[in-house]
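Below is model-v1.cif, which holds mmCIF, C-alpha atoms.
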```cif
data_data
#
loop_
_atom_site.label_atom_id
_atom_site.label_comp_id
_atom_site.auth_asym_id
_atom_site.auth_seq_id
_atom_site.Cartn_x
_atom_site.Cartn_y
_atom_site.Cartn_z
CA MET A 1 195.57 102.33 185.35
CA ASN A 2 199.21 101.30 185.37
CA ILE A 3 199.93 97.60 185.06
CA LYS A 4 203.41 96.19 185.60
CA ILE A 5 204.54 92.71 184.66
CA LEU A 6 207.44 91.63 186.86
CA GLY A 7 209.80 88.92 185.71
CA PRO A 8 213.08 88.32 183.89
CA GLY A 9 211.35 87.64 180.57
CA CYS A 10 210.65 83.93 180.71
CA ALA A 11 207.64 82.28 179.07
CA ASN A 12 205.53 82.80 182.20
CA CYS A 13 205.96 86.57 182.02
CA VAL A 14 204.92 86.64 178.37
CA ASN A 15 201.83 84.57 179.14
CA LEU A 16 200.93 86.77 182.10
CA GLU A 17 201.24 89.89 179.96
CA LYS A 18 198.97 88.35 177.32
CA ALA A 19 196.36 87.45 179.95
CA ALA A 20 196.54 90.91 181.54
CA LYS A 21 196.20 92.72 178.19
CA GLN A 22 193.23 90.61 177.24
CA ALA A 23 191.59 91.18 180.63
CA ALA A 24 192.13 94.94 180.44
CA SER A 25 190.69 95.20 176.95
CA GLU A 26 187.67 93.04 177.84
CA LEU A 27 186.98 95.26 180.84
CA GLY A 28 187.47 98.35 178.69
CA ILE A 29 190.21 99.71 180.94
CA ALA A 30 192.67 102.21 179.52
CA ALA A 31 195.84 100.73 180.98
CA THR A 32 199.50 101.41 180.43
CA PHE A 33 201.69 98.31 180.50
CA GLU A 34 205.23 98.22 181.80
CA LYS A 35 207.75 95.41 182.09
CA VAL A 36 210.03 95.21 185.11
CA THR A 37 212.94 92.91 184.43
CA ASP A 38 215.60 94.12 186.87
CA TYR A 39 215.91 91.66 189.76
CA ALA A 40 216.43 94.31 192.45
CA ASP A 41 213.34 96.17 191.21
CA ILE A 42 211.32 92.94 191.10
CA TYR A 43 212.26 92.09 194.65
CA SER A 44 211.55 95.64 195.86
CA TYR A 45 207.88 94.75 195.37
CA GLY A 46 208.34 91.80 197.71
CA ILE A 47 208.05 89.28 194.89
CA MET A 48 210.09 86.10 195.30
CA SER A 49 208.35 83.94 192.75
CA THR A 50 207.94 85.32 189.26
CA PRO A 51 205.93 86.34 187.37
CA GLY A 52 204.34 89.14 189.35
CA LEU A 53 201.45 91.42 188.51
CA VAL A 54 201.44 94.94 189.95
CA VAL A 55 198.50 97.27 189.46
CA ASP A 56 199.00 100.94 190.39
CA GLU A 57 201.99 99.94 192.55
CA GLN A 58 200.01 97.22 194.39
CA VAL A 59 201.09 93.59 194.03
CA VAL A 60 197.96 91.64 193.15
CA LEU A 61 199.46 88.31 192.13
CA SER A 62 202.75 86.44 192.05
CA GLY A 63 204.22 83.06 191.30
CA ARG A 64 201.74 81.78 188.76
CA VAL A 65 200.18 82.52 185.41
CA PRO A 66 196.46 83.21 185.75
CA THR A 67 193.89 82.98 183.01
CA ALA A 68 192.48 86.18 181.51
CA ARG A 69 189.26 85.51 183.41
CA GLN A 70 191.13 85.39 186.72
CA VAL A 71 192.95 88.63 185.92
CA LYS A 72 189.55 90.21 185.15
CA GLU A 73 188.34 89.20 188.62
CA LEU A 74 191.45 90.82 190.11
CA LEU A 75 191.19 94.01 188.06
CA ALA A 76 187.44 94.60 188.26
CA PRO A 77 187.35 95.86 191.88
CA LEU A 78 190.36 98.11 191.22
CA VAL A 79 188.61 100.14 188.54
CA GLY A 80 187.83 103.51 190.16
CA MET B 1 189.57 84.48 194.12
CA THR B 2 186.33 84.84 195.99
CA THR B 3 184.58 81.63 196.84
CA ALA B 4 181.02 82.86 196.71
CA THR B 5 178.40 80.37 197.84
CA ARG B 6 176.27 80.17 194.78
CA PRO B 7 173.15 78.00 194.72
CA ASP B 8 174.84 75.57 192.32
CA SER B 9 177.94 75.22 194.51
CA ARG B 10 176.92 71.82 195.91
CA ARG B 11 176.46 70.41 192.44
CA ARG B 12 179.77 71.97 191.41
CA LEU B 13 181.38 70.29 194.41
CA ILE B 14 180.04 66.86 193.46
CA GLN B 15 181.06 67.38 189.83
CA ARG B 16 184.60 68.31 190.82
CA TRP B 17 185.27 65.33 193.08
CA ALA B 18 183.50 62.93 190.71
CA ALA B 19 185.71 64.12 187.85
CA LEU B 20 188.80 63.61 190.00
CA ALA B 21 187.71 60.11 191.04
CA LEU B 22 187.01 59.22 187.41
CA ALA B 23 190.44 60.50 186.37
CA ALA B 24 192.05 58.41 189.11
CA VAL B 25 190.26 55.25 187.93
CA ALA B 26 191.17 55.94 184.28
CA TRP B 27 194.79 56.42 185.32
CA TRP B 28 194.84 53.14 187.21
CA VAL B 29 193.27 51.20 184.33
CA LEU B 30 195.78 52.61 181.81
CA TYR B 31 198.65 51.77 184.12
CA ALA B 32 197.39 48.22 184.61
CA VAL B 33 196.87 47.41 180.90
CA ASN B 34 200.11 49.03 179.70
CA GLN B 35 202.29 45.93 179.78
CA PRO B 36 199.73 43.38 178.53
CA PHE B 37 198.79 45.76 175.71
CA TRP B 38 202.34 46.08 174.31
CA ASP B 39 203.00 42.37 174.87
CA TRP B 40 199.94 41.71 172.73
CA LEU B 41 200.59 44.36 170.06
CA ILE B 42 204.32 43.85 169.55
CA GLY B 43 204.54 40.16 170.37
CA GLY B 44 201.15 39.06 169.00
CA VAL B 45 200.05 41.41 166.21
CA PHE B 46 203.48 42.30 164.81
CA GLY B 47 204.91 38.93 165.70
CA LEU B 48 208.24 40.18 167.08
CA ASP B 49 210.07 37.91 169.50
CA LEU B 50 210.03 39.82 172.79
CA ALA B 51 213.27 38.15 173.83
CA SER B 52 215.10 39.28 170.68
CA ARG B 53 217.10 42.51 170.50
CA LEU B 54 214.67 44.30 168.20
CA GLY B 55 211.59 43.02 170.00
CA SER B 56 212.80 43.88 173.48
CA GLY B 57 214.10 47.29 172.37
CA VAL B 58 210.82 48.24 170.69
CA HIS B 59 208.76 46.88 173.58
CA PHE B 60 210.94 48.76 176.09
CA PHE B 61 210.49 52.02 174.17
CA PHE B 62 206.68 51.96 173.99
CA TYR B 63 206.03 50.38 177.37
CA ASP B 64 208.42 52.75 179.15
CA THR B 65 207.13 55.85 177.37
CA VAL B 66 203.54 55.18 178.41
CA LYS B 67 204.48 54.12 181.92
CA ILE B 68 206.67 57.15 182.50
CA ILE B 69 204.12 59.61 181.13
CA LEU B 70 201.42 58.11 183.36
CA LEU B 71 203.64 58.28 186.44
CA LEU B 72 204.69 61.82 185.66
CA ALA B 73 201.12 63.02 185.13
CA GLY B 74 199.92 61.40 188.36
CA ILE B 75 202.73 62.52 190.61
CA ILE B 76 203.13 66.04 189.17
CA PHE B 77 199.40 66.57 189.71
CA LEU B 78 199.46 65.37 193.33
CA VAL B 79 202.64 67.26 194.17
CA THR B 80 201.41 70.50 192.62
CA VAL B 81 198.11 70.39 194.50
CA ALA B 82 199.92 69.56 197.77
CA ARG B 83 202.51 72.27 197.22
CA SER B 84 199.83 74.87 196.53
CA PHE B 85 199.40 75.00 200.30
CA MET B 86 203.02 76.19 200.60
CA SER B 87 204.76 79.20 199.10
CA VAL B 88 208.24 80.68 198.92
CA GLU B 89 206.97 83.51 201.12
CA ARG B 90 205.83 81.13 203.83
CA THR B 91 209.10 79.18 203.59
CA ARG B 92 211.04 82.38 204.13
CA ALA B 93 208.93 83.24 207.16
CA LEU B 94 209.61 79.75 208.59
CA LEU B 95 213.35 80.15 208.03
CA GLY B 96 213.52 83.64 209.53
CA GLY B 97 215.57 83.82 212.74
CA LYS B 98 216.78 80.20 212.54
CA ARG B 99 220.39 79.50 213.43
CA GLU B 100 222.73 77.82 210.97
CA GLY B 101 222.64 74.07 211.39
CA ILE B 102 218.99 73.71 212.27
CA GLY B 103 218.32 76.35 209.60
CA ASN B 104 220.11 74.22 206.98
CA VAL B 105 218.09 71.15 207.90
CA LEU B 106 214.82 73.08 207.72
CA ALA B 107 215.81 74.83 204.48
CA ALA B 108 216.64 71.53 202.74
CA GLY B 109 213.32 70.01 203.84
CA LEU B 110 211.39 73.08 202.74
CA GLY B 111 213.26 73.02 199.43
CA VAL B 112 211.47 69.76 198.69
CA VAL B 113 207.92 70.89 199.56
CA THR B 114 207.95 74.52 198.38
CA PRO B 115 206.52 75.24 194.92
CA PHE B 116 209.52 76.65 193.13
CA CYS B 117 210.66 77.19 189.57
CA SER B 118 214.34 77.64 188.80
CA CYS B 119 213.38 80.80 186.89
CA SER B 120 212.58 82.31 190.33
CA ALA B 121 215.97 81.33 191.81
CA VAL B 122 217.30 84.87 191.63
CA PRO B 123 214.39 86.80 193.18
CA ALA B 124 214.08 84.11 195.86
CA PHE B 125 217.80 84.35 196.60
CA ILE B 126 217.54 88.12 196.97
CA GLY B 127 214.41 87.77 199.08
CA PHE B 128 216.03 85.30 201.47
CA VAL B 129 219.40 87.00 201.85
CA ALA B 130 218.06 90.57 201.98
CA SER B 131 215.72 89.59 204.81
CA GLY B 132 218.63 88.29 206.87
CA ILE B 133 218.50 84.54 206.24
CA PRO B 134 222.12 83.29 206.31
CA LEU B 135 223.79 82.61 202.96
CA GLY B 136 224.46 78.95 203.82
CA VAL B 137 220.82 78.32 204.77
CA THR B 138 219.67 79.95 201.52
CA MET B 139 222.05 77.70 199.57
CA SER B 140 220.66 74.59 201.30
CA PHE B 141 217.25 75.59 199.96
CA LEU B 142 218.57 76.28 196.45
CA ILE B 143 220.40 72.93 196.29
CA ALA B 144 217.53 70.79 197.65
CA SER B 145 214.87 72.32 195.43
CA PRO B 146 216.08 71.10 192.00
CA LEU B 147 217.80 67.98 193.37
CA ILE B 148 214.70 66.49 194.97
CA ASN B 149 212.00 67.31 192.48
CA GLU B 150 208.70 65.65 191.65
CA VAL B 151 209.85 64.46 188.23
CA ALA B 152 212.81 62.61 189.71
CA ILE B 153 210.67 61.10 192.45
CA ALA B 154 207.97 59.95 190.01
CA LEU B 155 210.49 58.27 187.75
CA LEU B 156 212.59 56.68 190.48
CA LEU B 157 209.46 55.27 192.06
CA GLY B 158 208.25 53.84 188.75
CA LEU B 159 211.53 52.46 187.48
CA PHE B 160 213.31 51.36 190.66
CA GLY B 161 210.71 51.17 193.41
CA LEU B 162 210.46 52.64 196.88
CA GLY B 163 213.90 51.69 198.28
CA PRO B 164 216.12 53.56 195.81
CA THR B 165 213.65 56.49 195.83
CA LEU B 166 213.97 56.92 199.59
CA MET B 167 217.74 56.55 199.30
CA TYR B 168 217.84 59.26 196.68
CA VAL B 169 215.67 61.64 198.70
CA GLY B 170 217.69 60.98 201.89
CA ALA B 171 221.01 61.46 200.11
CA GLY B 172 219.74 64.62 198.41
CA LEU B 173 218.70 66.11 201.76
CA VAL B 174 222.05 65.28 203.36
CA ILE B 175 223.96 66.83 200.44
CA ALA B 176 221.84 70.00 200.55
CA ILE B 177 222.24 70.32 204.33
CA LEU B 178 225.99 69.70 204.41
CA ALA B 179 226.85 71.73 201.29
CA GLY B 180 224.81 74.70 202.56
CA TYR B 181 226.33 74.38 206.02
CA THR B 182 229.85 74.30 204.58
CA ILE B 183 229.20 77.40 202.44
CA GLY B 184 227.87 79.14 205.56
CA ARG B 185 230.95 78.23 207.62
CA LEU B 186 233.26 79.57 204.90
CA LYS B 187 231.80 83.09 205.41
CA LEU B 188 231.56 83.92 201.73
CA GLU B 189 229.13 86.84 201.97
CA ARG B 190 231.74 89.05 200.30
CA TRP B 191 231.29 87.03 197.13
CA VAL B 192 227.61 87.88 196.89
CA GLU B 193 226.87 90.85 194.60
CA PRO B 194 226.53 93.86 196.97
CA PHE B 195 223.19 95.04 195.55
CA VAL B 196 221.54 91.99 197.11
CA PHE B 197 222.17 93.32 200.63
CA GLU B 198 221.15 96.85 199.61
CA THR B 199 217.81 95.84 198.11
CA LYS B 200 214.96 97.37 200.05
CA LEU B 201 211.41 96.20 200.21
CA ARG B 202 208.91 98.86 199.15
CA GLY B 203 205.62 97.07 199.03
CA GLN B 204 203.74 94.49 201.00
CA VAL B 205 204.74 90.84 200.59
CA ILE B 206 201.80 88.82 199.39
CA GLU B 207 201.75 85.07 199.61
CA SER B 208 201.68 83.72 196.08
CA THR B 209 199.35 80.83 196.85
CA ALA B 210 197.09 82.49 199.42
CA GLY B 211 193.32 82.40 199.05
CA LEU B 212 193.14 79.69 196.40
CA SER B 213 190.01 77.57 196.15
CA TRP B 214 190.12 73.80 195.55
CA ASP B 215 189.08 74.47 191.96
CA ASP B 216 192.09 76.76 191.55
CA ARG B 217 194.45 74.20 193.08
CA ILE B 218 193.14 71.39 190.87
CA GLN B 219 193.36 73.61 187.82
CA MET B 220 196.96 74.48 188.76
CA GLY B 221 197.72 70.76 189.04
CA VAL B 222 196.31 70.04 185.59
CA GLU B 223 198.12 73.01 184.04
CA GLU B 224 201.40 72.00 185.69
CA VAL B 225 201.14 68.47 184.29
CA GLY B 226 200.63 69.96 180.81
CA SER B 227 203.42 72.50 181.10
CA ILE B 228 205.99 70.06 182.52
CA LEU B 229 205.15 67.36 179.96
CA ARG B 230 205.40 69.93 177.14
CA LYS B 231 208.77 71.03 178.48
CA ILE B 232 210.35 67.62 179.06
CA TRP B 233 209.00 65.40 176.27
CA PRO B 234 211.99 65.86 173.95
CA TYR B 235 214.37 64.91 176.80
CA LEU B 236 212.12 62.01 177.67
CA LEU B 237 211.99 60.64 174.10
CA VAL B 238 215.76 60.95 173.62
CA GLY B 239 216.34 59.34 177.02
CA ILE B 240 213.96 56.46 176.37
CA GLY B 241 215.31 56.05 172.82
CA LEU B 242 218.88 55.81 174.08
CA GLY B 243 217.69 53.55 176.87
CA ALA B 244 215.95 51.28 174.36
CA ALA B 245 219.06 51.15 172.18
CA ILE B 246 221.24 50.22 175.16
CA HIS B 247 218.60 47.78 176.31
CA GLY B 248 218.44 45.95 173.00
CA TRP B 249 221.82 46.37 171.39
CA ALA B 250 224.64 47.22 173.81
CA PRO B 251 226.75 44.14 174.63
CA GLU B 252 225.94 42.77 178.05
CA ASP B 253 229.22 43.69 179.75
CA PHE B 254 230.21 46.73 177.68
CA PHE B 255 229.39 49.39 180.29
CA ALA B 256 230.17 47.23 183.28
CA ALA B 257 233.67 46.69 181.93
CA TYR B 258 234.39 50.42 181.89
CA ALA B 259 232.24 51.83 184.68
CA GLY B 260 231.50 48.81 186.82
CA ALA B 261 231.89 48.43 190.56
CA ASP B 262 235.58 47.54 190.29
CA ASN B 263 236.53 50.83 188.62
CA PRO B 264 237.45 53.16 191.54
CA PHE B 265 237.11 56.28 189.35
CA ALA B 266 233.67 55.46 187.98
CA VAL B 267 231.72 57.73 190.36
CA LEU B 268 234.16 60.59 189.90
CA ILE B 269 233.95 60.33 186.12
CA ALA B 270 230.15 60.05 186.21
CA VAL B 271 229.90 63.29 188.22
CA VAL B 272 232.43 65.16 186.07
CA ILE B 273 230.39 64.21 182.98
CA GLY B 274 227.08 64.97 184.72
CA VAL B 275 227.79 68.49 186.00
CA PRO B 276 227.98 70.36 182.67
CA LEU B 277 225.40 68.10 181.06
CA TYR B 278 222.07 69.83 180.93
CA SER B 279 219.11 67.55 181.11
CA ASN B 280 216.44 66.88 183.63
CA ALA B 281 215.42 63.80 185.49
CA ALA B 282 213.06 62.85 182.64
CA GLY B 283 215.89 62.51 180.15
CA ILE B 284 218.35 60.88 182.51
CA LEU B 285 216.28 58.25 184.27
CA PRO B 286 215.31 56.01 181.32
CA LEU B 287 219.01 55.93 180.46
CA ILE B 288 219.90 55.05 184.03
CA ASP B 289 217.28 52.32 184.04
CA ALA B 290 218.87 50.71 180.97
CA LEU B 291 222.42 51.11 182.33
CA TYR B 292 221.38 49.57 185.63
CA ALA B 293 220.03 46.57 183.76
CA LYS B 294 223.46 46.30 182.12
CA GLY B 295 225.13 45.92 185.49
CA LEU B 296 226.23 49.42 186.46
CA PRO B 297 226.13 50.00 190.24
CA MET B 298 223.33 52.13 191.69
CA GLY B 299 225.66 54.56 193.49
CA THR B 300 227.45 55.53 190.30
CA LEU B 301 224.15 55.98 188.47
CA LEU B 302 222.48 58.06 191.20
CA ALA B 303 225.59 60.26 191.44
CA PHE B 304 225.43 60.82 187.68
CA MET B 305 221.78 61.77 187.87
CA MET B 306 222.25 64.09 190.86
CA ALA B 307 225.12 65.89 189.16
CA THR B 308 222.99 66.41 186.06
CA VAL B 309 219.86 67.75 187.76
CA ALA B 310 221.41 69.68 190.68
CA LEU B 311 224.13 71.49 188.79
CA SER B 312 223.65 72.88 185.32
CA LEU B 313 225.20 75.60 183.20
CA PRO B 314 221.95 77.59 182.64
CA GLU B 315 221.36 77.75 186.39
CA MET B 316 224.92 78.95 186.99
CA ILE B 317 224.44 81.69 184.40
CA LEU B 318 221.22 82.74 186.15
CA LEU B 319 222.88 82.76 189.58
CA ARG B 320 225.78 84.81 188.21
CA ARG B 321 223.44 87.83 188.57
CA VAL B 322 223.67 87.56 192.35
CA LEU B 323 226.80 85.48 193.02
CA LYS B 324 230.38 86.27 192.05
CA PRO B 325 232.15 83.57 189.99
CA LYS B 326 234.24 82.49 192.98
CA LEU B 327 231.12 81.72 195.01
CA ILE B 328 229.58 79.85 192.07
CA ALA B 329 232.79 77.79 191.87
CA VAL B 330 232.58 77.00 195.59
CA PHE B 331 228.88 76.11 195.27
CA VAL B 332 229.56 73.72 192.38
CA SER B 333 232.61 72.12 194.04
CA VAL B 334 231.03 71.61 197.45
CA THR B 335 227.87 70.13 195.94
CA ALA B 336 229.85 67.94 193.53
CA VAL B 337 232.03 66.61 196.36
CA GLY B 338 228.88 65.75 198.31
CA ILE B 339 227.43 63.91 195.32
CA ILE B 340 230.66 61.97 194.74
CA ALA B 341 230.77 60.96 198.42
CA VAL B 342 227.17 59.73 198.24
CA GLY B 343 227.94 57.74 195.10
CA TYR B 344 230.86 55.93 196.71
CA LEU B 345 228.89 55.37 199.90
CA PHE B 346 225.99 53.74 198.02
CA ASN B 347 228.35 51.59 195.97
CA ALA B 348 230.04 50.44 199.18
CA ILE B 349 226.91 49.58 201.15
CA LEU B 350 224.70 48.14 198.40
#
```
As C-alpha cells, the full file:
Amino acid sequence: MNIKILGPGCANCVNLEKAAKQAASELGIAATFEKVTDYADIYSYGIMSTPGLVVDEQVVLSGRVPTARQVKELLAPLVG
Amino acid sequence: MTTATRPDSRRRLIQRWAALALAAVAWWVLYAVNQPFWDWLIGGVFGLDLASRLGSGVHFFFYDTVKIILLLAGIIFLVTVARSFMSVERTRALLGGKREGIGNVLAAGLGVVTPFCSCSAVPAFIGFVASGIPLGVTMSFLIASPLINEVAIALLLGLFGLGPTLMYVGAGLVIAILAGYTIGRLKLERWVEPFVFETKLRGQVIESTAGLSWDDRIQMGVEEVGSILRKIWPYLLVGIGLGAAIHGWAPEDFFAAYAGADNPFAVLIAVVIGVPLYSNAAGILPLIDALYAKGLPMGTLLAFMMATVALSLPEMILLRRVLKPKLIAVFVSVTAVGIIAVGYLFNAIL
C-alpha cells in the first residue's frame, strides 16, 4: 500500500503522518509513506485544503487531521 | 465515517446532547461569576483599591483574560461546528461560472463562512484560478477569509458589543468585495505564476467535510478550540498585559494627544504600522480595548486591527509561490487603501 501525505509541511501534515503511520502499523499493513509538498502536485489530486491523505492514488481525506482510529476506519476497507 | 445504527446509539445520542447542554450551562455560569469573583479576590481578599492604578490594572488583566478565553472557546466551537457544513470545495462550486461583481460579493460572503486555514491559501488559490474562477473573485475570498474571522468576531462582541462587531463585519465585506473587484478590473493575470494556469486535475475532488457525523463535527469543534487557544495564547497574554499596563498607567490623554480624532494622519499611520505587524485578533483586541478607553477613535482602532489581521508578512511570503511580487504589491496597496478609507469613514460618522 502506498500512502501519500499532501501538504506544505505545516504542523497539520506532521500530525496526519503520525496518525497514518500509527493506523498502518496497528492494522499490520506494509505501507510505503511519501510526502508531497509541491503545490502543483498537491492540487493535481484536487486537494484545496491541506493536509490531504492519498492511498494508492485515491484521495481519502483532506482539510483536517483525523485521529489514528479514524484513519484505521478509512484504511481497513482498502486492504486487499 | 459510517454512522452504523448500533443498539446503543440512542443512549449515545442522549449522552452527546446532555454533555453539550452541560457544557453550555457551565460556560454561562463561569461567564456570569467572572466579574464578581475578581472584584472579591482582588478588592476583598488582597485588599487592593479597584479604582487605583495597580488595582484596576491587575483586575483588568485577570478579568479580561478569563472573559476573552471563555468567549473564544464558545464562539470558536459554534463557528467550527457550523462551518463543518461548508467546505472550500463547495465554495468553489458555488463560485463557478459567476460573473465579476456578483462573484466578488458571493466570494467575500463565502470567505466568512468557509472553513479555511491560511496554510491552505496556496492550494485553494490554485484550485480556484485553475478551475476558471476570475482572479479578482478569488482575491475577494482570500481577503475576506482572514479579515472576518471567528476570533475577531468573538473578541469584538465581548469587548465592544454588537454595534461595532456588525460595523467591522460590514466594513470587512465591503473592503474584500471592492479590493477583489479592483484587482479583477486591472487584468493582472500576467502577474500570476504561469504554473497555476497549467495545473491539471488528475484525481476526483472530494469534499473535505462530506459525510461527517454530529459526533465528528462536535469533536472537530472541541479540537479547534484547543488548537486555536494553544496557538494564540502568547499573543493574547502579551496583548492583555499591554492593555492592562495602558489601562492602569498610561496618562489619560497621552494617546489621544498623538492619535486622537483631530490628527488627520492618525488612520494612515495606524495602517502603515499595522500592515507589517504580525499578530492576530487575539493579541490586538485587548490592546484596542484599552486604547479605546483612553479616548482613541473607533475608526482608527478598527483600521489598525484590520491592517494587522488582513495583511501580514508570513502570508505574503506564502502567496509569493503563486503571485509575482508586483501582484502582491497591488494586493497589499488596494487592501490597505480600502482599510484606510473605512477608518476615516468610521471616524467621520461616529
- Task: Select all residues from chain B having any atom no more than 6 Å from an atom of chain A (counting all atoms listed in the file, ignoring ligands), output as an NGL selection string.
- Result: :B and (120 or 123-124 or 127 or 200-203 or 205 or 208)
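This file gives the following result for the PyMOL selection byres ((chain B and resi 213) around 12): Met1, Thr2, Thr3, Ala4, Leu13, Arg16, Val81, Ser84, Phe85, Thr209, Ala210, Gly211, Leu212, Trp214, Asp215, Asp216, Arg217, Ile218, Gln219 and Met220 of chain B.
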- Task: Determine the residue membership of the PyMOL selection byres ((chain B and resi 271) around 8) for the file above and supply it as JSON, numbers by chain.
- Result: {"B": [267, 268, 269, 270, 272, 273, 274, 275, 303, 304, 307, 308, 336, 339, 340]}
Running the PyMOL selection byres ((chain A and resi 76) around 12) on this model by hand, what would come out? Give it as a compact mmCIF listing (two decimals) with C-alpha atoms, in the frame of the given file.
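Result file follows (selection_23.txt):
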```
# COMPACT_ATOMS: atom_id res chain seq x y z
CA MET A 1 195.57 102.33 185.35
CA ALA A 20 196.54 90.91 181.54
CA ALA A 23 191.59 91.18 180.63
CA ALA A 24 192.13 94.94 180.44
CA SER A 25 190.69 95.20 176.95
CA GLU A 26 187.67 93.04 177.84
CA LEU A 27 186.98 95.26 180.84
CA GLY A 28 187.47 98.35 178.69
CA ILE A 29 190.21 99.71 180.94
CA VAL A 55 198.50 97.27 189.46
CA VAL A 60 197.96 91.64 193.15
CA ALA A 68 192.48 86.18 181.51
CA ARG A 69 189.26 85.51 183.41
CA GLN A 70 191.13 85.39 186.72
CA VAL A 71 192.95 88.63 185.92
CA LYS A 72 189.55 90.21 185.15
CA GLU A 73 188.34 89.20 188.62
CA LEU A 74 191.45 90.82 190.11
CA LEU A 75 191.19 94.01 188.06
CA PRO A 77 187.35 95.86 191.88
CA LEU A 78 190.36 98.11 191.22
CA VAL A 79 188.61 100.14 188.54
CA GLY A 80 187.83 103.51 190.16
CA MET B 1 189.57 84.48 194.12
```
- Between CA of Gly299 in chain B and CA of Phe255 in chain B, what is the spacing in Å?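 CA of Gly299 in chain B lies 14.7 Å from CA of Phe255 in chain B.
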- Test item: residues at most 9 Å from Val174 in chain B, all atoms listed in the file, excluding those fewer than 5 positions along its chain, as a list in words: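 My reading of the contact set: Val105, Ala108, Val169, Ala179 and Gly338 of chain B.
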- Task: Using all atoms listed in the file, find the one residue out of A:Ile5, A:Thr37, A:Thr67, A:Val54 that sits nearest to Ala19 in chain A.
- Result: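 Ranked by minimum distance to Ala19 in chain A, first place goes to A:Thr67.
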- Task: Show which residues sit within 12 Å of range 144-148 of chain B, as a ChimeraX atom specification. Count all atoms listed in the file, and ignore same-chain residues fewer than 6 positions away.
- Result: /B:88,104-121,124,137-138,154-156,165-180,279-281,302-312,315,335,339
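Pairwise distance (CA of Gly221 in chain B, CA of Leu142 in chain B) equals 22.8 Å.
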- Item | Sel. within 7 Å of pt (207.2, 98.2, 187.5), counting only C-alpha atoms, output as an MDAnalysis selection string | chainID A and resid 4:6 34:36
- Item | Interatomic distance, CA of Trp40 in chain B to CA of Leu22 in chain B (Å, one decimal) |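 Computed distance, CA of Trp40 in chain B to CA of Leu22 in chain B, equals 26.3 Å.
Proximity to Leu53 in chain A was assessed for B:Ile102, B:Ile232, B:Ile206, B:Val225 counting only C-alpha atoms; the smallest distance is recorded for B:Ile206.
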Let me know the centre plus edge lengths, in Å and rounded to one decimal, of a box with edges along x, y and z that contains all listed atoms of range 63-72 of chain A and is padded by 5 Å on every side, as lines of an AutoDock Vina configuration file.
```
center_x = 196.7
center_y = 86.0
center_z = 186.4
size_x = 25.0
size_y = 18.4
size_z = 19.8
```
